[in-house]
>>> print(open('data27.cif').read())   # mmCIF, C-alpha atoms
data_data
#
loop_
_atom_site.group_PDB
_atom_site.id
_atom_site.type_symbol
_atom_site.label_atom_id
_atom_site.label_comp_id
_atom_site.auth_asym_id
_atom_site.auth_seq_id
_atom_site.Cartn_x
_atom_site.Cartn_y
_atom_site.Cartn_z
ATOM 1 C CA MET A 209 -9.103 -1.426 -0.238
ATOM 2 C CA SER A 210 -5.459 -2.482 -0.458
ATOM 3 C CA LEU A 211 -2.674 -0.318 -1.849
ATOM 4 C CA ILE A 212 -0.457 -3.330 -2.611
ATOM 5 C CA ASN A 213 0.833 -3.123 -6.206
ATOM 6 C CA LYS A 214 -0.615 0.366 -6.616
ATOM 7 C CA GLU A 215 1.672 2.424 -8.802
ATOM 8 C CA VAL A 216 2.696 5.708 -7.240
ATOM 9 C CA SER A 217 1.059 8.560 -9.155
ATOM 10 C CA ALA A 218 3.145 11.196 -10.882
ATOM 11 C CA PHE A 219 4.205 13.935 -8.458
ATOM 12 C CA SER A 220 6.670 16.774 -8.098
ATOM 13 C CA VAL A 221 7.400 18.223 -4.651
ATOM 14 C CA GLN A 222 10.016 20.344 -2.952
ATOM 15 C CA ALA A 223 12.486 18.684 -0.607
ATOM 16 C CA PHE A 224 15.008 19.859 1.947
ATOM 17 C CA GLN A 225 18.278 17.917 1.975
ATOM 18 C CA ASP A 226 21.958 18.758 2.436
ATOM 19 C CA ASN A 227 21.034 22.279 3.544
ATOM 20 C CA ALA A 228 19.397 23.009 0.181
ATOM 21 C CA PHE A 229 16.030 22.819 -1.557
ATOM 22 C CA HIS A 230 15.487 20.593 -4.587
ATOM 23 C CA THR A 231 12.658 18.922 -6.463
ATOM 24 C CA VAL A 232 11.775 15.235 -6.087
ATOM 25 C CA ASN A 233 9.408 13.525 -8.520
ATOM 26 C CA LYS A 234 8.225 10.041 -9.392
ATOM 27 C CA GLU A 235 11.109 9.502 -11.810
ATOM 28 C CA ASP A 236 13.507 9.737 -8.848
ATOM 29 C CA LEU A 237 11.952 6.558 -7.424
ATOM 30 C CA LEU A 238 12.323 4.383 -10.478
ATOM 31 C CA GLY A 239 15.179 1.906 -10.659
ATOM 32 C CA LYS A 240 15.747 1.646 -6.905
ATOM 33 C CA TRP A 241 13.860 0.818 -3.745
ATOM 34 C CA SER A 242 12.240 3.613 -1.753
ATOM 35 C CA VAL A 243 10.578 4.121 1.591
ATOM 36 C CA PHE A 244 8.007 6.900 2.008
ATOM 37 C CA PHE A 245 7.861 7.679 5.713
ATOM 38 C CA PHE A 246 4.874 9.943 6.440
ATOM 39 C CA TYR A 247 4.679 11.713 9.781
ATOM 40 C CA PRO A 248 2.123 14.238 11.139
ATOM 41 C CA ALA A 249 4.147 17.429 11.488
ATOM 42 C CA ASP A 250 7.500 19.078 12.111
ATOM 43 C CA PHE A 251 8.219 20.456 15.605
ATOM 44 C CA THR A 252 6.309 17.636 17.310
ATOM 45 C CA PHE A 253 7.148 14.946 19.875
ATOM 46 C CA VAL A 254 7.292 11.411 18.455
ATOM 47 C CA CYS A 255 8.347 12.469 14.934
ATOM 48 C CA PRO A 256 11.942 13.512 15.727
ATOM 49 C CA THR A 257 12.589 10.210 17.506
ATOM 50 C CA GLU A 258 11.475 8.293 14.417
ATOM 51 C CA LEU A 259 13.379 10.468 11.952
ATOM 52 C CA GLU A 260 16.553 10.178 14.051
ATOM 53 C CA ASP A 261 16.110 6.382 14.196
ATOM 54 C CA LEU A 262 15.915 6.339 10.396
ATOM 55 C CA GLN A 263 19.059 8.471 10.170
ATOM 56 C CA ASN A 264 20.887 6.085 12.485
ATOM 57 C CA ASN A 265 20.100 3.311 9.964
ATOM 58 C CA TYR A 266 20.371 5.383 6.775
ATOM 59 C CA GLU A 267 23.698 3.879 5.662
ATOM 60 C CA LYS A 268 22.161 0.389 5.913
ATOM 61 C CA PHE A 269 19.254 1.466 3.691
ATOM 62 C CA LYS A 270 21.600 3.043 1.161
ATOM 63 C CA ALA A 271 23.727 -0.131 1.151
ATOM 64 C CA ILE A 272 20.706 -2.094 -0.121
ATOM 65 C CA ASN A 273 19.866 0.524 -2.791
ATOM 66 C CA CYS A 274 16.950 2.012 -0.866
ATOM 67 C CA GLU A 275 16.295 5.734 -0.466
ATOM 68 C CA ILE A 276 14.381 7.124 2.492
ATOM 69 C CA TYR A 277 11.904 9.954 1.906
ATOM 70 C CA SER A 278 10.352 11.457 5.024
ATOM 71 C CA VAL A 279 7.098 13.264 4.221
ATOM 72 C CA SER A 280 4.898 15.699 6.107
ATOM 73 C CA CYS A 281 2.330 18.253 5.010
ATOM 74 C CA ASP A 282 4.655 21.044 6.129
ATOM 75 C CA THR A 283 6.514 23.206 3.596
ATOM 76 C CA HIS A 284 10.177 22.791 2.703
ATOM 77 C CA PHE A 285 10.779 26.082 4.552
ATOM 78 C CA VAL A 286 9.427 24.540 7.755
ATOM 79 C CA HIS A 287 11.681 21.493 7.214
ATOM 80 C CA LYS A 288 14.688 23.832 7.011
ATOM 81 C CA ALA A 289 13.626 25.728 10.142
ATOM 82 C CA TRP A 290 13.208 22.448 12.044
ATOM 83 C CA HIS A 291 16.604 21.272 10.781
ATOM 84 C CA ASP A 292 18.188 24.534 11.971
ATOM 85 C CA HIS A 293 16.627 24.331 15.460
ATOM 86 C CA SER A 294 16.649 20.644 16.370
ATOM 87 C CA GLU A 295 19.747 18.673 17.278
ATOM 88 C CA ARG A 296 18.072 15.436 16.155
ATOM 89 C CA ILE A 297 16.748 16.765 12.840
ATOM 90 C CA SER A 298 20.019 18.545 12.015
ATOM 91 C CA LYS A 299 21.592 15.074 11.580
ATOM 92 C CA LEU A 300 19.232 14.016 8.762
ATOM 93 C CA GLU A 301 20.871 13.248 5.434
ATOM 94 C CA TYR A 302 17.881 11.846 3.533
ATOM 95 C CA PRO A 303 15.328 14.040 1.698
ATOM 96 C CA MET A 304 12.515 15.611 3.709
ATOM 97 C CA LEU A 305 9.604 15.985 1.280
ATOM 98 C CA ALA A 306 7.169 18.867 1.609
ATOM 99 C CA ASP A 307 3.511 18.107 0.888
ATOM 100 C CA PRO A 308 1.579 21.312 1.751
ATOM 101 C CA THR A 309 -0.985 20.631 -1.003
ATOM 102 C CA HIS A 310 -1.545 17.114 0.396
ATOM 103 C CA THR A 311 -0.886 15.526 -3.007
ATOM 104 C CA LEU A 312 1.227 12.691 -1.603
ATOM 105 C CA ALA A 313 -0.787 12.196 1.588
ATOM 106 C CA HIS A 314 -3.942 11.902 -0.507
ATOM 107 C CA ASP A 315 -2.377 9.537 -3.072
ATOM 108 C CA PHE A 316 -1.038 7.253 -0.324
ATOM 109 C CA GLU A 317 -4.378 7.516 1.534
ATOM 110 C CA VAL A 318 -2.891 8.796 4.817
ATOM 111 C CA LEU A 319 -4.344 12.312 4.853
ATOM 112 C CA ILE A 320 -6.253 13.308 7.996
ATOM 113 C CA GLU A 321 -8.535 15.821 6.251
ATOM 114 C CA GLU A 322 -9.736 17.736 9.307
ATOM 115 C CA ALA A 323 -6.185 18.207 10.625
ATOM 116 C CA GLY A 324 -4.415 18.770 7.304
ATOM 117 C CA GLN A 325 -1.793 16.264 8.472
ATOM 118 C CA ALA A 326 -0.646 12.787 7.518
ATOM 119 C CA GLU A 327 -1.019 9.604 9.524
ATOM 120 C CA ARG A 328 2.182 7.716 10.403
ATOM 121 C CA GLY A 329 2.253 5.750 7.154
ATOM 122 C CA THR A 330 5.239 3.716 6.017
ATOM 123 C CA PHE A 331 5.363 2.552 2.391
ATOM 124 C CA ILE A 332 7.943 0.347 0.676
ATOM 125 C CA ILE A 333 8.105 1.017 -3.049
ATOM 126 C CA ASN A 334 9.818 -1.286 -5.541
ATOM 127 C CA PRO A 335 12.024 -0.121 -8.454
ATOM 128 C CA GLU A 336 8.989 -0.115 -10.772
ATOM 129 C CA GLY A 337 7.292 2.491 -8.567
ATOM 130 C CA LYS A 338 4.735 0.140 -6.999
ATOM 131 C CA ILE A 339 3.829 -0.188 -3.327
ATOM 132 C CA VAL A 340 4.795 -3.666 -2.099
ATOM 133 C CA ALA A 341 4.307 -3.193 1.659
ATOM 134 C CA TYR A 342 2.795 -0.592 3.941
ATOM 135 C CA GLU A 343 1.728 0.028 7.492
ATOM 136 C CA VAL A 344 -0.174 2.869 9.130
ATOM 137 C CA ASN A 345 0.196 3.576 12.850
ATOM 138 C CA SER A 346 -1.888 5.811 15.057
ATOM 139 C CA GLY A 347 -0.312 9.178 15.723
ATOM 140 C CA ASN A 348 0.929 8.326 19.199
ATOM 141 C CA VAL A 349 2.879 5.156 18.276
ATOM 142 C CA GLY A 350 6.413 5.498 16.908
ATOM 143 C CA ARG A 351 7.965 3.126 14.377
ATOM 144 C CA ASN A 352 11.158 1.055 14.384
ATOM 145 C CA ALA A 353 13.758 1.544 11.617
ATOM 146 C CA ASP A 354 15.368 -1.863 12.280
ATOM 147 C CA GLU A 355 12.090 -3.644 11.520
ATOM 148 C CA LEU A 356 11.507 -1.431 8.487
ATOM 149 C CA LEU A 357 14.963 -2.345 7.154
ATOM 150 C CA ARG A 358 14.168 -6.047 7.639
ATOM 151 C CA LYS A 359 10.909 -5.628 5.728
ATOM 152 C CA VAL A 360 12.668 -3.881 2.830
ATOM 153 C CA GLU A 361 15.241 -6.688 2.713
ATOM 154 C CA ALA A 362 12.460 -9.308 2.674
ATOM 155 C CA CYS A 363 10.595 -7.441 -0.090
ATOM 156 C CA GLN A 364 13.803 -7.270 -2.111
ATOM 157 C CA PHE A 365 14.426 -11.001 -1.652
ATOM 158 C CA VAL A 366 10.914 -11.940 -2.756
ATOM 159 C CA HIS A 367 11.149 -9.516 -5.707
ATOM 160 C CA GLU A 368 14.326 -11.280 -6.836
ATOM 161 C CA HIS A 369 13.292 -14.852 -5.954
ATOM 162 C CA GLY A 370 9.594 -14.999 -6.828
ATOM 163 C CA ASP A 371 9.325 -18.714 -6.057
ATOM 164 C CA GLU A 372 10.382 -18.311 -2.411
ATOM 165 C CA VAL A 373 8.736 -16.597 0.561
ATOM 166 C CA CYS A 374 10.124 -15.166 3.793
ATOM 167 C CA PRO A 375 8.772 -16.523 7.086
ATOM 168 C CA ALA A 376 8.213 -14.424 10.206
ATOM 169 C CA LYS A 377 11.324 -12.662 11.533
ATOM 170 C CA TRP A 378 13.299 -13.665 8.399
ATOM 171 C CA LYS A 379 16.621 -11.897 7.907
ATOM 172 C CA PRO A 380 19.015 -12.060 4.940
ATOM 173 C CA GLY A 381 20.942 -15.317 4.876
ATOM 174 C CA GLU A 382 18.283 -17.241 6.773
ATOM 175 C CA LYS A 383 16.217 -20.048 5.337
ATOM 176 C CA THR A 384 13.228 -19.164 3.171
ATOM 177 C CA LEU A 385 10.295 -21.326 2.134
ATOM 178 C CA LYS A 386 9.292 -22.646 -1.286
ATOM 179 C CA PRO A 387 5.502 -22.956 -1.280
ATOM 180 C CA THR A 388 4.501 -26.492 -2.193
ATOM 181 C CA LEU A 389 1.625 -28.814 -1.385
ATOM 182 C CA ASP A 390 3.944 -30.678 1.036
ATOM 183 C CA LEU A 391 4.067 -27.596 3.304
ATOM 184 C CA VAL A 392 0.305 -27.090 3.556
ATOM 185 C CA GLY A 393 -0.559 -27.787 7.179
ATOM 186 C CA ALA A 394 2.973 -29.052 7.927
ATOM 187 C CA LEU A 395 4.375 -25.863 9.388
#
>>> encode(input="data27.cif", output="structure tokens")
Amino acid sequence: MSLINKEVSAFSVQAFQDNAFHTVNKEDLLGKWSVFFFYPADFTFVCPTELEDLQNNYEKFKAINCEIYSVSCDTHFVHKAWHDHSERISKLEYPMLADPTHTLAHDFEVLIEEAGQAERGTFIINPEGKIVAYEVNSGNVGRNADELLRKVEACQFVHEHGDEVCPAKWKPGEKTLKPTLDLVGAL
């Protein structure tokens, strides 16, 4: 079953950001683009490389009105402890969402029940709070923030220009396609 166009359910979770705890809820997503970046657990191996990669691109995401939310099933206290003890994680500026009750992992269908952890799920959410793209990787395969940024930009373009589509490897400023009968079988 596809999650495309599924509206994110109402939620309220604790987050660690800017060396403080605060609450994030569904209303925080509305009116801008968001990426929910699920990862299995704090204090692990692949996760800090991915979260650092996102941080290295965070300004680019913010420039296109997109907020990054990293999410694990750890508590906000664990996020703070990881931040305090990891050189890579100490650089993070975006919110680290805590999901110890598995509310988000369950809603986004990435919960590994027997482990109490989330799969590596990446979800792009439009300003109306609907999932427009997602990908789930196995736990031992890290993701690429550059490609994620490109996907957000393509989703934004299509959202704004509904009569055009983005071909493979499309980047802003490149040619798009207008689906017509003339293109069927011609590409």
>>> closest_residue(input="data27.cif", among="A:Phe316, A:Tyr342, A:Phe245, A:Phe251", to="Phe219 of chain A", atoms="only C-alpha atoms")
A:Phe316
>>> closest_residue(input="data27.cif", among="A:Val279, A:Val232, A:Ala218, A:Val373", to="Gly337 of chain A", atoms="all atoms listed in the file")
A:Ala218
>>> closest_residue(input="data27.cif", among="A:Thr231, A:Leu238, A:Ile339, A:His287", to="Asn273 of chain A", atoms="only C-alpha atoms")
A:Leu238
>>> resolve_selection(input="data27.cif", expression="the PyMOL selection byres ((chain A and resi 275) around 12)", output="PyMOL selection string")
chain A and resi 232+236-245+262-263+265-274+276-278+301-304+331-335+357+360
>>> resolve_selection(input="data27.cif", expression="the PyMOL selection byres ((chain A and resi 327) around 10)", output="PDB file with C-alpha atoms, in the coordinates of the input")
ATOM      1  CA  PHE A 245       7.861   7.679   5.713  1.00  0.00           C
ATOM      2  CA  PHE A 246       4.874   9.943   6.440  1.00  0.00           C
ATOM      3  CA  TYR A 247       4.679  11.713   9.781  1.00  0.00           C
ATOM      4  CA  PRO A 248       2.123  14.238  11.139  1.00  0.00           C
ATOM      5  CA  ALA A 249       4.147  17.429  11.488  1.00  0.00           C
ATOM      6  CA  SER A 280       4.898  15.699   6.107  1.00  0.00           C
ATOM      7  CA  ALA A 313      -0.787  12.196   1.588  1.00  0.00           C
ATOM      8  CA  GLU A 317      -4.378   7.516   1.534  1.00  0.00           C
ATOM      9  CA  VAL A 318      -2.891   8.796   4.817  1.00  0.00           C
ATOM     10  CA  LEU A 319      -4.344  12.312   4.853  1.00  0.00           C
ATOM     11  CA  ILE A 320      -6.253  13.308   7.996  1.00  0.00           C
ATOM     12  CA  GLN A 325      -1.793  16.264   8.472  1.00  0.00           C
ATOM     13  CA  ALA A 326      -0.646  12.787   7.518  1.00  0.00           C
ATOM     14  CA  ARG A 328       2.182   7.716  10.403  1.00  0.00           C
ATOM     15  CA  GLY A 329       2.253   5.750   7.154  1.00  0.00           C
ATOM     16  CA  THR A 330       5.239   3.716   6.017  1.00  0.00           C
ATOM     17  CA  VAL A 344      -0.174   2.869   9.130  1.00  0.00           C
ATOM     18  CA  ASN A 345       0.196   3.576  12.850  1.00  0.00           C
ATOM     19  CA  SER A 346      -1.888   5.811  15.057  1.00  0.00           C
ATOM     20  CA  GLY A 347      -0.312   9.178  15.723  1.00  0.00           C
ATOM     21  CA  ASN A 348       0.929   8.326  19.199  1.00  0.00           C
TER      22      ASN A 348
END
>>> closest_residue(input="data27.cif", among="A:His293, A:Lys359, A:His314, A:Lys214", to="Lys377 of chain A", atoms="only C-alpha atoms")
A:Lys359
>>> resolve_selection(input="data27.cif", expression="the PyMOL selection byres ((chain A and resi 378-386) around 12)", output="PyMOL selection string")
chain A and resi 272+354-366+369-377+387-392+395
>>> atom_distance(input="data27.cif", atom1="atom CA of Ala223 of chain A", atom2="atom CA of Lys299 of chain A")
15.6 Å
>>> atom_distance(input="data27.cif", atom1="atom CA of His310 of chain A", atom2="atom CA of Val221 of chain A")
10.3 Å
>>> closest_residue(input="data27.cif", among="A:Cys255, A:Val349, A:Cys281, A:Val286", to="Asp307 of chain A", atoms="all atoms listed in the file")
A:Cys281
>>> residues_around(input="data27.cif", residues="segment 294-298 of chain A", least_positions_apart="3", cutoff="8 Å", atoms="only C-alpha atoms", output="PyMOL selection string")
chain A and resi 256-257+259-260+290-291
>>> write_last_selection(input="data27.cif", atoms="C-alpha atoms", output="compact mmCIF listing (two decimals), keeping the file's coordinate frame")
# COMPACT_ATOMS: atom_id res chain seq x y z
CA PRO A 256 11.94 13.51 15.73
CA THR A 257 12.59 10.21 17.51
CA LEU A 259 13.38 10.47 11.95
CA GLU A 260 16.55 10.18 14.05
CA TRP A 290 13.21 22.45 12.04
CA HIS A 291 16.60 21.27 10.78
>>> atom_distance(input="data27.cif", atom1="atom CA of Lys288 of chain A", atom2="atom CA of Glu343 of chain A")
27.1 Å
>>> closest_residue(input="data27.cif", among="A:Thr252, A:Glu258, A:Arg351, A:Asp282", to="Gly324 of chain A", atoms="all atoms listed in the file")
A:Asp282
>>> build_atoms(input="data27.cif", residues="segment 342-368 of chain A", atoms="N, CA and C atoms", output="CSV table (one decimal), in the coordinates of the input")
chain,number,residue,atom,x,y,z
A,342,TYR,N,3.1,-1.8,3.2
A,342,TYR,CA,2.8,-0.6,3.9
A,342,TYR,C,2.2,-0.9,5.3
A,343,GLU,N,2.3,0.1,6.1
A,343,GLU,CA,1.7,0.0,7.5
A,343,GLU,C,1.4,1.4,7.9
A,344,VAL,N,0.3,1.6,8.6
A,344,VAL,CA,-0.2,2.9,9.1
A,344,VAL,C,-0.4,2.7,10.6
A,345,ASN,N,0.3,3.6,11.4
A,345,ASN,CA,0.2,3.6,12.8
A,345,ASN,C,-0.6,4.8,13.3
A,346,SER,N,-1.2,4.6,14.5
A,346,SER,CA,-1.9,5.8,15.1
A,346,SER,C,-0.8,6.8,15.4
A,347,GLY,N,-1.2,8.1,15.5
A,347,GLY,CA,-0.3,9.2,15.7
A,347,GLY,C,0.6,9.1,17.0
A,348,ASN,N,0.2,8.4,18.0
A,348,ASN,CA,0.9,8.3,19.2
A,348,ASN,C,1.8,7.1,19.3
A,349,VAL,N,2.0,6.3,18.2
A,349,VAL,CA,2.9,5.2,18.3
A,349,VAL,C,4.0,5.3,17.3
A,350,GLY,N,5.2,5.4,17.8
A,350,GLY,CA,6.4,5.5,16.9
A,350,GLY,C,6.8,4.2,16.2
A,351,ARG,N,7.5,4.3,15.2
A,351,ARG,CA,8.0,3.1,14.4
A,351,ARG,C,9.4,2.8,14.6
A,352,ASN,N,9.8,1.6,14.1
A,352,ASN,CA,11.2,1.1,14.4
A,352,ASN,C,11.9,0.9,13.1
A,353,ALA,N,13.0,1.6,12.9
A,353,ALA,CA,13.8,1.5,11.6
A,353,ALA,C,14.4,0.2,11.4
A,354,ASP,N,14.8,-0.5,12.4
A,354,ASP,CA,15.4,-1.9,12.3
A,354,ASP,C,14.4,-2.8,11.6
A,355,GLU,N,13.1,-2.8,12.1
A,355,GLU,CA,12.1,-3.6,11.5
A,355,GLU,C,11.8,-3.2,10.1
A,356,LEU,N,11.8,-1.9,9.8
A,356,LEU,CA,11.5,-1.4,8.5
A,356,LEU,C,12.6,-1.9,7.5
A,357,LEU,N,13.8,-1.9,8.0
A,357,LEU,CA,15.0,-2.3,7.2
A,357,LEU,C,14.8,-3.8,6.8
A,358,ARG,N,14.4,-4.6,7.8
A,358,ARG,CA,14.2,-6.0,7.6
A,358,ARG,C,13.1,-6.3,6.6
A,359,LYS,N,12.0,-5.5,6.7
A,359,LYS,CA,10.9,-5.6,5.7
A,359,LYS,C,11.4,-5.3,4.3
A,360,VAL,N,12.2,-4.2,4.2
A,360,VAL,CA,12.7,-3.9,2.8
A,360,VAL,C,13.5,-5.0,2.3
A,361,GLU,N,14.4,-5.6,3.1
A,361,GLU,CA,15.2,-6.7,2.7
A,361,GLU,C,14.4,-7.9,2.3
A,362,ALA,N,13.3,-8.2,3.0
A,362,ALA,CA,12.5,-9.3,2.7
A,362,ALA,C,11.7,-9.0,1.4
A,363,CYS,N,11.3,-7.8,1.2
A,363,CYS,CA,10.6,-7.4,-0.1
A,363,CYS,C,11.6,-7.6,-1.3
A,364,GLN,N,12.8,-7.2,-1.1
A,364,GLN,CA,13.8,-7.3,-2.1
A,364,GLN,C,14.1,-8.7,-2.4
A,365,PHE,N,14.2,-9.6,-1.4
A,365,PHE,CA,14.4,-11.0,-1.7
A,365,PHE,C,13.3,-11.6,-2.5
A,366,VAL,N,12.1,-11.4,-2.1
A,366,VAL,CA,10.9,-11.9,-2.8
A,366,VAL,C,10.8,-11.4,-4.2
A,367,HIS,N,11.2,-10.1,-4.4
A,367,HIS,CA,11.1,-9.5,-5.7
A,367,HIS,C,12.1,-10.2,-6.6
A,368,GLU,N,13.3,-10.6,-6.1
A,368,GLU,CA,14.3,-11.3,-6.8
A,368,GLU,C,14.1,-12.8,-7.0
